[in-house]
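Okay, coords13.txt is below, compact mmCIF, C-alpha atoms:
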```
# COMPACT_ATOMS: atom_id res chain seq x y z
CA MET M 1 -37.48 201.17 44.28
CA ALA M 2 -40.35 199.04 43.06
CA THR M 3 -42.39 200.36 45.97
CA SER M 4 -43.03 203.51 43.96
CA ALA M 5 -44.61 201.54 41.15
CA VAL M 6 -46.72 199.73 43.67
CA LEU M 7 -47.72 203.04 45.26
CA GLN M 8 -48.86 204.30 41.87
CA SER M 9 -51.05 201.28 41.35
CA GLU M 10 -52.44 201.91 44.83
CA LYS M 11 -54.06 205.04 43.45
CA GLN M 12 -56.01 203.02 40.94
CA ASN M 13 -57.39 200.49 43.39
CA PRO M 14 -56.36 200.95 47.02
CA LEU M 15 -58.18 197.90 48.35
CA ALA M 16 -56.72 195.57 45.74
CA TYR M 17 -53.30 197.08 46.43
CA LEU M 18 -53.60 196.48 50.19
CA ALA M 19 -54.88 192.93 49.66
CA GLY M 20 -51.92 192.29 47.35
CA LEU M 21 -49.52 193.16 50.16
CA ILE M 22 -50.81 190.45 52.51
CA PRO M 23 -48.87 187.40 51.21
CA GLY M 24 -45.52 189.20 51.21
CA LEU M 25 -46.18 190.81 54.58
CA ALA M 26 -47.11 187.41 56.00
CA LEU M 27 -43.83 186.03 54.65
CA LEU M 28 -41.83 188.88 56.25
CA ALA M 29 -43.65 188.30 59.56
CA ALA M 30 -43.13 184.53 59.38
CA ILE M 31 -39.39 184.93 58.77
CA GLY M 32 -39.09 187.52 61.54
CA LEU M 33 -41.00 185.41 64.05
CA ALA M 34 -39.01 182.30 63.11
CA ALA M 35 -35.80 184.29 63.68
CA LYS M 36 -37.01 185.45 67.08
CA TRP M 37 -38.02 181.89 67.97
CA ILE M 38 -34.59 180.53 66.97
CA GLU M 39 -32.81 183.14 69.10
CA GLN M 40 -35.00 182.40 72.12
CA SER M 41 -34.75 178.62 71.66
CA ILE M 42 -30.96 178.67 71.45
CA ASN M 43 -30.73 180.94 74.49
CA GLY M 44 -33.18 178.75 76.43
CA TYR M 45 -31.34 175.54 75.52
CA THR M 46 -27.84 176.83 76.28
CA LYS M 47 -29.00 178.33 79.59
CA ALA M 48 -30.81 175.15 80.63
CA HIS M 49 -27.76 173.01 79.82
CA HIS M 50 -25.23 175.51 81.22
CA ILE M 51 -23.53 175.82 77.85
CA VAL M 52 -21.52 179.00 77.23
CA PHE M 53 -22.63 180.20 73.82
CA PRO M 54 -22.65 183.74 72.37
CA ASN M 55 -26.09 185.26 71.92
CA ILE M 56 -26.88 185.35 68.20
CA GLU M 57 -29.45 188.09 67.68
CA TYR M 58 -32.70 187.46 65.80
CA VAL M 59 -31.43 190.04 63.29
CA LEU M 60 -28.86 187.59 61.92
CA TRP M 61 -31.34 184.71 61.79
CA ALA M 62 -33.90 186.87 59.96
CA ILE M 63 -31.31 187.88 57.38
CA VAL M 64 -29.96 184.34 56.98
CA ILE M 65 -33.43 182.81 56.53
CA GLY M 66 -34.26 185.58 54.04
CA LEU M 67 -31.01 185.00 52.14
CA ILE M 68 -31.61 181.25 51.94
CA LEU M 69 -35.19 181.65 50.73
CA GLY M 70 -34.38 184.51 48.36
CA ASN M 71 -31.46 182.72 46.73
CA LEU M 72 -32.44 179.05 46.78
CA VAL M 73 -36.20 179.22 46.25
CA LYS M 74 -38.03 181.03 43.47
CA ILE M 75 -40.39 183.26 45.44
CA PRO M 76 -43.75 183.50 43.62
CA ALA M 77 -44.68 186.92 42.24
CA ILE M 78 -47.67 187.15 44.59
CA PHE M 79 -45.25 187.79 47.48
CA GLN M 80 -43.24 190.55 45.79
CA SER M 81 -45.29 193.68 46.56
CA GLY M 82 -45.56 192.74 50.24
CA ILE M 83 -41.83 191.98 50.49
CA GLU M 84 -41.02 195.40 49.02
CA THR M 85 -42.73 197.08 51.98
CA TYR M 86 -39.65 196.28 54.08
CA GLU M 87 -38.39 199.78 53.35
CA PHE M 88 -41.65 201.29 54.57
CA TRP M 89 -41.33 199.35 57.86
CA LEU M 90 -37.75 200.59 58.17
CA LYS M 91 -39.01 204.18 58.08
CA VAL M 92 -41.87 203.47 60.50
CA GLY M 93 -39.31 201.85 62.81
CA ILE M 94 -36.97 204.83 62.61
CA VAL M 95 -39.76 207.33 63.37
CA LEU M 96 -40.86 205.27 66.40
CA LEU M 97 -37.23 204.91 67.48
CA GLY M 98 -37.37 208.66 68.14
CA SER M 99 -39.11 207.65 71.39
CA ARG M 100 -35.79 206.28 72.67
CA PHE M 101 -33.98 209.60 72.31
CA LEU M 102 -34.50 212.72 74.35
CA VAL M 103 -33.96 215.89 72.34
CA GLY M 104 -30.83 216.58 74.43
CA ASP M 105 -29.36 213.21 73.36
CA ILE M 106 -30.05 213.95 69.73
CA TRP M 107 -28.49 217.39 70.10
CA GLU M 108 -25.34 215.97 71.70
CA LEU M 109 -24.90 212.68 69.83
CA GLY M 110 -26.39 214.07 66.64
CA GLY M 111 -23.99 217.02 66.81
CA ILE M 112 -20.95 214.75 67.11
CA SER M 113 -22.35 212.44 64.44
CA LEU M 114 -23.05 215.34 62.10
CA LEU M 115 -19.48 216.56 62.45
CA LEU M 116 -18.16 213.08 61.66
CA VAL M 117 -20.67 212.73 58.83
CA PHE M 118 -19.28 215.86 57.12
CA VAL M 119 -15.75 214.43 57.25
CA GLU M 120 -16.98 210.99 56.13
CA ILE M 121 -18.94 212.40 53.19
CA GLY M 122 -16.00 214.53 52.02
CA GLY M 123 -13.54 211.66 52.41
CA ALA M 124 -15.80 209.08 50.76
CA LEU M 125 -16.56 211.32 47.75
CA LEU M 126 -12.85 212.01 47.19
CA LEU M 127 -11.84 208.37 47.67
CA MET M 128 -14.45 206.84 45.39
CA THR M 129 -13.84 209.47 42.71
CA ALA M 130 -10.07 208.87 42.78
CA LEU M 131 -10.53 205.08 42.69
CA GLY M 132 -13.12 205.25 39.91
CA ARG M 133 -10.79 207.39 37.78
CA ALA M 134 -7.82 205.11 38.50
CA PHE M 135 -9.86 202.11 37.29
CA GLY M 136 -11.15 204.02 34.24
CA LEU M 137 -14.87 203.87 35.09
CA ARG M 138 -17.44 206.09 33.35
CA PRO M 139 -17.74 209.54 35.04
CA LYS M 140 -21.44 209.25 35.94
CA LEU M 141 -20.95 205.72 37.28
CA ILE M 142 -18.13 207.09 39.43
CA ASN M 143 -20.49 209.82 40.69
CA LEU M 144 -23.24 207.35 41.56
CA LEU M 145 -20.84 205.04 43.39
CA ALA M 146 -19.36 208.04 45.23
CA ILE M 147 -22.80 209.37 46.24
CA GLY M 148 -24.02 205.90 47.25
CA SER M 149 -21.03 205.23 49.46
CA ALA M 150 -20.79 208.76 50.88
CA VAL M 151 -24.40 209.48 51.76
CA CYS M 152 -27.32 207.23 51.80
CA GLY M 153 -26.96 204.07 49.77
CA VAL M 154 -29.75 203.15 47.42
CA SER M 155 -31.94 206.20 48.10
CA ALA M 156 -29.10 208.59 47.27
CA ILE M 157 -28.34 206.74 44.05
CA ILE M 158 -32.00 206.87 43.00
CA ALA M 159 -32.18 210.57 43.86
CA ALA M 160 -28.93 211.32 42.03
CA LYS M 161 -29.79 209.27 38.95
CA GLY M 162 -32.60 211.64 38.00
CA ALA M 163 -30.68 214.76 38.98
CA ILE M 164 -27.53 214.02 36.94
CA ASP M 165 -29.35 212.15 34.15
CA ALA M 166 -27.30 208.96 34.59
CA ASP M 167 -27.89 205.73 32.64
CA ASP M 168 -30.19 203.05 34.05
CA GLU M 169 -27.33 200.56 33.72
CA ASP M 170 -24.99 202.70 35.86
CA ALA M 171 -27.69 203.19 38.49
CA SER M 172 -28.52 199.46 38.58
CA PHE M 173 -24.89 198.59 38.93
CA SER M 174 -24.28 201.14 41.70
CA ILE M 175 -27.34 199.92 43.61
CA ALA M 176 -26.23 196.28 43.23
CA ALA M 177 -22.72 197.14 44.43
CA ILE M 178 -24.02 199.08 47.45
CA LEU M 179 -26.38 196.23 48.39
CA ALA M 180 -23.66 193.59 47.99
CA LEU M 181 -21.25 195.61 50.10
CA GLY M 182 -24.02 196.14 52.66
CA ALA M 183 -24.52 192.38 52.91
CA ILE M 184 -20.77 191.90 53.40
CA SER M 185 -20.71 194.58 56.10
CA LEU M 186 -23.44 192.74 58.02
CA LEU M 187 -21.08 189.81 58.41
CA THR M 188 -17.85 191.71 59.00
CA PHE M 189 -18.70 194.82 61.03
CA PRO M 190 -19.99 193.11 64.22
CA LEU M 191 -17.01 190.73 64.17
CA ILE M 192 -14.50 193.58 63.82
CA GLY M 193 -16.33 195.64 66.45
CA HIS M 194 -16.11 192.80 68.97
CA LEU M 195 -12.52 191.97 68.02
CA ILE M 196 -11.29 195.49 68.74
CA HIS M 197 -13.61 195.89 71.75
CA LEU M 198 -15.51 198.94 70.55
CA SER M 199 -18.08 200.34 72.97
CA ASP M 200 -21.77 200.21 71.97
CA HIS M 201 -21.76 203.94 71.22
CA ALA M 202 -18.50 203.92 69.24
CA TYR M 203 -19.59 200.88 67.22
CA GLY M 204 -23.02 202.39 66.55
CA VAL M 205 -21.46 205.60 65.22
CA TRP M 206 -19.05 203.56 63.07
CA ALA M 207 -21.83 201.41 61.57
CA GLY M 208 -23.94 204.52 60.93
CA LEU M 209 -21.03 206.23 59.19
CA ALA M 210 -19.60 203.36 57.16
CA VAL M 211 -22.54 201.13 56.17
CA ASP M 212 -24.26 202.70 53.19
CA ASN M 213 -27.84 201.57 53.04
CA THR M 214 -30.08 202.52 55.96
CA ALA M 215 -31.58 199.03 56.39
CA GLU M 216 -28.12 197.43 56.49
CA ALA M 217 -26.74 200.12 58.81
CA THR M 218 -29.65 199.50 61.19
CA ALA M 219 -29.11 195.74 61.02
CA ALA M 220 -25.31 196.00 61.40
CA GLY M 221 -25.86 198.12 64.52
CA ALA M 222 -28.50 195.80 65.98
CA LEU M 223 -26.26 192.77 65.36
CA PHE M 224 -23.75 194.27 67.80
CA SER M 225 -26.22 195.36 70.50
CA ASP M 226 -29.54 197.09 71.02
CA THR M 227 -27.83 200.36 72.03
CA ALA M 228 -25.45 200.17 69.08
CA GLY M 229 -28.44 199.73 66.76
CA LYS M 230 -30.07 202.84 68.20
CA ILE M 231 -26.91 204.93 67.77
CA ALA M 232 -26.30 203.56 64.27
CA VAL M 233 -29.77 204.73 63.22
CA LEU M 234 -29.17 208.22 64.65
CA THR M 235 -25.83 208.56 62.85
CA LYS M 236 -27.21 207.17 59.61
CA THR M 237 -30.16 209.57 59.86
CA CYS M 238 -27.70 212.48 60.04
CA ARG M 239 -26.12 211.19 56.80
CA ASN M 240 -29.54 210.78 55.18
CA ALA M 241 -30.47 214.36 56.06
CA LEU M 242 -27.58 215.63 53.91
CA ILE M 243 -28.60 213.72 50.78
CA GLY M 244 -30.10 216.80 49.10
CA PHE M 245 -26.97 218.92 49.43
CA VAL M 246 -24.67 216.30 47.88
CA VAL M 247 -27.06 215.49 45.03
CA LEU M 248 -27.58 219.23 44.40
CA GLY M 249 -23.81 219.71 44.10
CA TYR M 250 -23.53 216.97 41.47
CA ALA M 251 -26.67 218.17 39.65
CA ILE M 252 -25.20 221.68 39.31
CA TYR M 253 -21.87 220.23 38.13
CA TRP M 254 -23.46 218.15 35.33
CA ALA M 255 -25.88 220.95 34.38
CA ARG M 256 -22.91 223.29 33.87
CA LYS M 257 -21.40 220.70 31.54
CA GLY M 258 -24.70 220.63 29.65
CA GLN M 259 -25.30 216.96 30.51
CA ALA M 260 -28.19 217.32 32.97
CA ALA M 261 -31.20 219.58 33.47
CA VAL M 262 -30.56 222.94 35.14
CA VAL M 263 -31.74 223.07 38.77
CA GLY M 264 -34.24 225.93 39.09
CA ASN M 265 -35.42 226.48 42.65
CA LYS M 266 -32.62 225.11 44.86
CA ALA M 267 -34.61 225.29 48.12
CA GLN M 268 -37.42 223.31 46.46
CA PHE M 269 -34.84 220.80 45.18
CA LEU M 270 -33.39 220.34 48.69
CA TRP M 271 -36.86 219.89 50.20
CA THR M 272 -37.82 217.33 47.54
CA LYS M 273 -34.73 215.26 48.29
CA PHE M 274 -34.97 215.62 52.07
CA PRO M 275 -35.99 212.33 53.77
CA LYS M 276 -39.23 213.36 55.50
CA PHE M 277 -39.22 210.50 57.99
CA VAL M 278 -36.39 212.36 59.79
CA LEU M 279 -39.02 214.96 60.76
CA GLY M 280 -41.23 212.23 62.22
CA PHE M 281 -38.26 210.88 64.20
CA LEU M 282 -37.61 214.36 65.63
CA ALA M 283 -41.32 214.96 66.35
CA ILE M 284 -41.64 211.75 68.41
CA SER M 285 -38.44 212.56 70.28
CA ILE M 286 -39.74 216.07 71.09
CA ALA M 287 -43.08 214.63 72.28
CA VAL M 288 -41.25 212.18 74.58
CA SER M 289 -38.93 214.93 75.85
CA LEU M 290 -41.95 217.11 76.68
CA GLY M 291 -43.38 214.29 78.82
CA ALA M 292 -46.26 213.40 76.50
CA PHE M 293 -45.74 209.68 77.22
CA ASP M 294 -45.21 207.79 80.49
CA ALA M 295 -42.48 205.15 80.94
CA GLY M 296 -44.75 202.24 79.98
CA GLN M 297 -45.93 204.02 76.84
CA ILE M 298 -42.35 204.85 75.82
CA LYS M 299 -41.49 201.17 76.20
CA SER M 300 -44.47 200.25 74.02
CA LEU M 301 -43.34 202.71 71.32
CA ALA M 302 -39.78 201.33 71.45
CA ASN M 303 -41.14 197.78 71.11
CA LEU M 304 -43.35 198.79 68.17
CA SER M 305 -40.17 200.12 66.55
CA ARG M 306 -38.51 196.72 67.11
CA TRP M 307 -41.45 194.92 65.46
CA ALA M 308 -41.18 197.24 62.46
CA PHE M 309 -37.44 196.52 62.21
CA LEU M 310 -38.15 192.78 62.44
CA LEU M 311 -40.06 193.00 59.14
CA THR M 312 -37.26 195.13 57.68
CA PHE M 313 -34.50 192.64 58.49
CA ALA M 314 -36.48 189.78 56.92
CA GLY M 315 -36.81 191.91 53.78
CA VAL M 316 -33.08 192.71 53.70
CA GLY M 317 -32.26 189.00 53.44
CA LEU M 318 -34.97 188.26 50.89
CA ARG M 319 -34.00 190.99 48.44
CA THR M 320 -30.23 190.24 48.44
CA ASN M 321 -29.77 188.11 45.33
CA PHE M 322 -26.22 186.86 44.86
CA ARG M 323 -26.76 185.73 41.24
CA GLU M 324 -28.00 189.21 40.31
CA LEU M 325 -24.99 190.79 42.01
CA ALA M 326 -22.52 188.46 40.28
CA ARG M 327 -23.88 189.53 36.88
CA GLN M 328 -22.87 193.16 37.38
CA GLY M 329 -19.19 192.90 36.35
CA LEU M 330 -15.95 192.80 38.24
CA LYS M 331 -14.17 196.13 37.74
CA PRO M 332 -16.78 198.51 39.18
CA PHE M 333 -17.39 196.03 41.97
CA ALA M 334 -13.66 196.02 42.76
CA VAL M 335 -13.79 199.83 42.99
CA GLY M 336 -16.76 199.52 45.34
CA VAL M 337 -15.07 196.96 47.57
CA LEU M 338 -11.76 198.80 47.68
CA GLY M 339 -13.49 202.12 48.34
CA GLU M 340 -15.71 200.69 51.06
CA VAL M 341 -12.79 199.04 52.82
CA LEU M 342 -10.91 202.36 52.80
CA ILE M 343 -14.01 204.24 54.00
CA ALA M 344 -14.51 201.67 56.79
CA VAL M 345 -10.89 202.24 57.89
CA LEU M 346 -11.22 206.03 57.59
CA THR M 347 -14.44 206.11 59.62
CA LEU M 348 -13.03 203.73 62.21
CA GLY M 349 -10.17 206.20 62.65
CA LEU M 350 -12.68 209.05 62.93
CA VAL M 351 -14.69 207.19 65.55
CA ALA M 352 -11.55 206.31 67.52
CA GLY M 353 -10.57 209.99 67.44
CA ALA M 354 -14.04 211.15 68.50
CA ASP M 355 -14.10 208.51 71.24
CA HIS M 356 -10.77 209.83 72.49
CA VAL M 357 -11.93 213.46 72.46
CA TRP M 358 -15.59 213.18 73.52
CA GLY M 359 -15.66 209.69 75.07
CA LEU M 360 -18.43 208.15 72.94
CA MET Z 1 -36.64 208.42 48.84
CA ALA Z 2 -37.43 211.67 47.15
CA GLU Z 3 -37.78 209.95 43.79
CA LYS Z 4 -40.39 207.76 45.34
CA ALA Z 5 -42.18 210.88 46.44
CA ASP Z 6 -42.07 212.16 42.87
CA ALA Z 7 -43.39 208.87 41.59
CA ASN Z 8 -46.38 208.99 43.90
CA LYS Z 9 -47.80 212.18 42.49
CA ALA Z 10 -51.40 211.57 43.40
CA GLY Z 11 -50.75 211.25 47.12
CA LEU Z 12 -48.23 211.15 49.88
CA SER Z 13 -44.70 209.78 49.58
CA LEU Z 14 -43.58 206.60 51.28
CA ASP Z 15 -41.82 208.77 53.89
CA TRP Z 16 -44.98 210.65 54.79
CA TRP Z 17 -47.03 207.44 54.97
CA ALA Z 18 -44.43 206.04 57.36
CA VAL Z 19 -44.64 209.19 59.51
CA LEU Z 20 -48.45 209.03 59.49
CA LEU Z 21 -48.56 205.37 60.52
CA ALA Z 22 -45.98 205.92 63.28
CA ALA Z 23 -47.92 208.97 64.51
CA ALA Z 24 -51.17 206.99 64.51
CA LEU Z 25 -49.51 204.21 66.51
CA ALA Z 26 -48.10 206.78 68.95
CA VAL Z 27 -51.58 208.29 69.44
CA LEU Z 28 -53.10 204.82 70.01
CA VAL Z 29 -50.42 204.12 72.63
CA ARG Z 30 -50.98 207.54 74.22
CA VAL Z 31 -54.77 207.13 74.54
CA GLY Z 32 -54.40 203.58 75.83
CA VAL Z 33 -55.87 201.63 72.90
CA LEU Z 34 -52.49 199.93 72.44
CA LYS Z 35 -51.17 198.88 75.84
CA GLN Z 36 -47.98 197.21 77.01
CA ILE Z 37 -46.66 196.16 73.63
CA SER Z 38 -44.19 193.43 74.47
CA TRP Z 39 -41.12 192.24 72.62
```
Here is the file; what I need is its structure written in the form of structure tokens.
Amino acid sequence: MATSAVLQSEKQNPLAYLAGLIPGLALLAAIGLAAKWIEQSINGYTKAHHIVFPNIEYVLWAIVIGLILGNLVKIPAIFQSGIETYEFWLKVGIVLLGSRFLVGDIWELGGISLLLVFVEIGGALLLMTALGRAFGLRPKLINLLAIGSAVCGVSAIIAAKGAIDADDEDASFSIAAILALGAISLLTFPLIGHLIHLSDHAYGVWAGLAVDNTAEATAAGALFSDTAGKIAVLTKTCRNALIGFVVLGYAIYWARKGQAAVVGNKAQFLWTKFPKFVLGFLAISIAVSLGAFDAGQIKSLANLSRWAFLLTFAGVGLRTNFRELARQGLKPFAVGVLGEVLIAVLTLGLVAGADHVWGL
Amino acid sequence: MAEKADANKAGLSLDWWAVLLAAALAVLVRVGVLKQISW
């Protein structure tokens, strides 16, 4: 979001831009390291005193610390540009996570995920559209909510906003709703997953299918287990890869109604909307599959990915502002909540079915 | 994501920068400059 504005200013003075990132980056790192320290301290204490206590991952602590700071303390402007890099670290983390997948795994798991993603996208678009109409929301707001919940969260909404010429207000609301629902899913998904005894793989696919924003899907997966986090990222990446097709469909629809610009070169449009970090993820996976790295190096790459995600999770907490979300109005939010609950149930059914057929 | 790419007309998009940094890290690990990164 604001990262783009920051990137533009980077062109004017790259050194000043990089220096401006340091305070916010230091804050992300401090929160992440504090979260890691809390996890290790609790584990150390409970082990030393033979106390049975569930392991609470650093992910949750990072988000909670971020939420507390972001909502109770006014963070000075000097930190903002660095905090906004959390999305950049998410992408770096995803590319490096490619080292933990052999191409064969991606082919197999990605194939199943892609199949489920098609069903999820179709179901989510239909559901959100029907709910939006039933509640009498504006057509373009309905579209943005449908795209955000079906595909790729905030990125999809930003991509669609330009393509269908939607209002800023509708886009802001849809983004706020998706982020609020993402925050709620962080608390509920791991609990539900444990309650119904989902396997790491099944849970990871579910989180990747049902949680809308990539950062939250990654965190929701990692909150369950390391393996679940890995699978959630793969599934979510499959969803992200389809962003262009869905946005193109809506762009053509609104252009035909004369309410958006006509899409000229469709291949160019798809390439512009395609998330390029997916290519990096695949490239690293191919390099690992070809034996370019030894076991120690693969472990180092996987750990670098974890460090990148650590900064991401701190940023997720910091940028979730409850006051901002509460200002957005009740009716569209109700549509979002209702739709997301139904999508979560639908995708859980899909995952259960896939688990039964393919044994996830 | 893509909108960010559009916004950053003078250079690479956020996605490509992320790919470049990850690739650079992978090369540093491969050639042994970055060793045994722990977690």
Pairwise distance for atom CA of M:Asn43 and atom CA of M:Leu198, rounded to one decimal in Å: 23.9 Å
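Between atom CA of M:Ile38 and atom CA of M:Phe313 the separation is 14.8 Å.
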Taking only residues of stretch 290-334 of chain M that have an atom at most 10 Å from an atom of stretch 168-188 of chain M, what is each one's shortest atom pair and its distance in Å to one decimal, using only C-alpha atoms, in chain and number order, as JSON lines?
```
{"residue": "M:Val316", "atom": "CA", "partner": "M:Ala183", "partner_atom": "CA", "distance": 8.6}
{"residue": "M:Gly317", "atom": "CA", "partner": "M:Ala183", "partner_atom": "CA", "distance": 8.5}
{"residue": "M:Arg319", "atom": "CA", "partner": "M:Leu179", "partner_atom": "CA", "distance": 9.2}
{"residue": "M:Thr320", "atom": "CA", "partner": "M:Leu179", "partner_atom": "CA", "distance": 7.1}
{"residue": "M:Asn321", "atom": "CA", "partner": "M:Ala180", "partner_atom": "CA", "distance": 8.6}
{"residue": "M:Phe322", "atom": "CA", "partner": "M:Ala180", "partner_atom": "CA", "distance": 7.9}
{"residue": "M:Glu324", "atom": "CA", "partner": "M:Ala176", "partner_atom": "CA", "distance": 7.9}
{"residue": "M:Leu325", "atom": "CA", "partner": "M:Ala176", "partner_atom": "CA", "distance": 5.8}
{"residue": "M:Ala326", "atom": "CA", "partner": "M:Ala176", "partner_atom": "CA", "distance": 9.1}
{"residue": "M:Arg327", "atom": "CA", "partner": "M:Phe173", "partner_atom": "CA", "distance": 9.3}
{"residue": "M:Gln328", "atom": "CA", "partner": "M:Phe173", "partner_atom": "CA", "distance": 6.0}
{"residue": "M:Gly329", "atom": "CA", "partner": "M:Phe173", "partner_atom": "CA", "distance": 8.5}
{"residue": "M:Pro332", "atom": "CA", "partner": "M:Ala177", "partner_atom": "CA", "distance": 8.0}
{"residue": "M:Phe333", "atom": "CA", "partner": "M:Ala177", "partner_atom": "CA", "distance": 6.0}
{"residue": "M:Ala334", "atom": "CA", "partner": "M:Ala177", "partner_atom": "CA", "distance": 9.3}
```
Output as a list in words the set of chain M residues within 7 Å of chain Z, with distances taken over only C-alpha atoms. Ser4, Leu7, Gln8, Phe88, Lys91, Val92, Val95, Leu96, Ser155, Ile158, Ala159, Thr272, Lys273, Phe274, Pro275, Lys276, Phe277, Gly280, Phe293, Gly296, Gln297, Ser300, Leu301, Asn303 and Leu304 of chain M
Here atom CA of M:Ile192 and atom CA of M:Val119 stand apart by 21.9 Å
Residues near M:Gly291, anyone? I mean within 12 Å using all atoms listed in the file, not counting same-chain ones fewer than 5 positions away, as an MDAnalysis selection string. (chainID M and resid 99 102:103 284:286 297:298) or (chainID Z and resid 30)
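Among the candidates M:Val278, M:Val337, M:Val357, M:Leu72, the residue lying nearest to M:Leu145 is M:Val337 (atoms considered: only C-alpha atoms).
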So which residues are close to (-21.6, 196.6, 60.9), meaning at most 9 Å away in the file's coordinates with all atoms listed in the file counted, and can you show them as an NGL selection string? :M and (182 or 184-193 or 203-204 or 206-208 or 210-211 or 216-224)
Neighbours of M:Leu21 within 8 Å (all atoms listed in the file; same-chain residues fewer than 6 positions away dropped), as a PyMOL selection string? chain M and resi 79+81-83
Go ahead and write the residues just picked, C-alpha atoms, as an mmCIF file, keeping the file's coordinate frame.
```
data_model
loop_
_atom_site.group_PDB
_atom_site.id
_atom_site.type_symbol
_atom_site.label_atom_id
_atom_site.label_comp_id
_atom_site.auth_asym_id
_atom_site.auth_seq_id
_atom_site.Cartn_x
_atom_site.Cartn_y
_atom_site.Cartn_z
ATOM 1 C CA PHE M 79 -45.250 187.790 47.480
ATOM 2 C CA SER M 81 -45.290 193.680 46.560
ATOM 3 C CA GLY M 82 -45.560 192.740 50.240
ATOM 4 C CA ILE M 83 -41.830 191.980 50.490
#
```
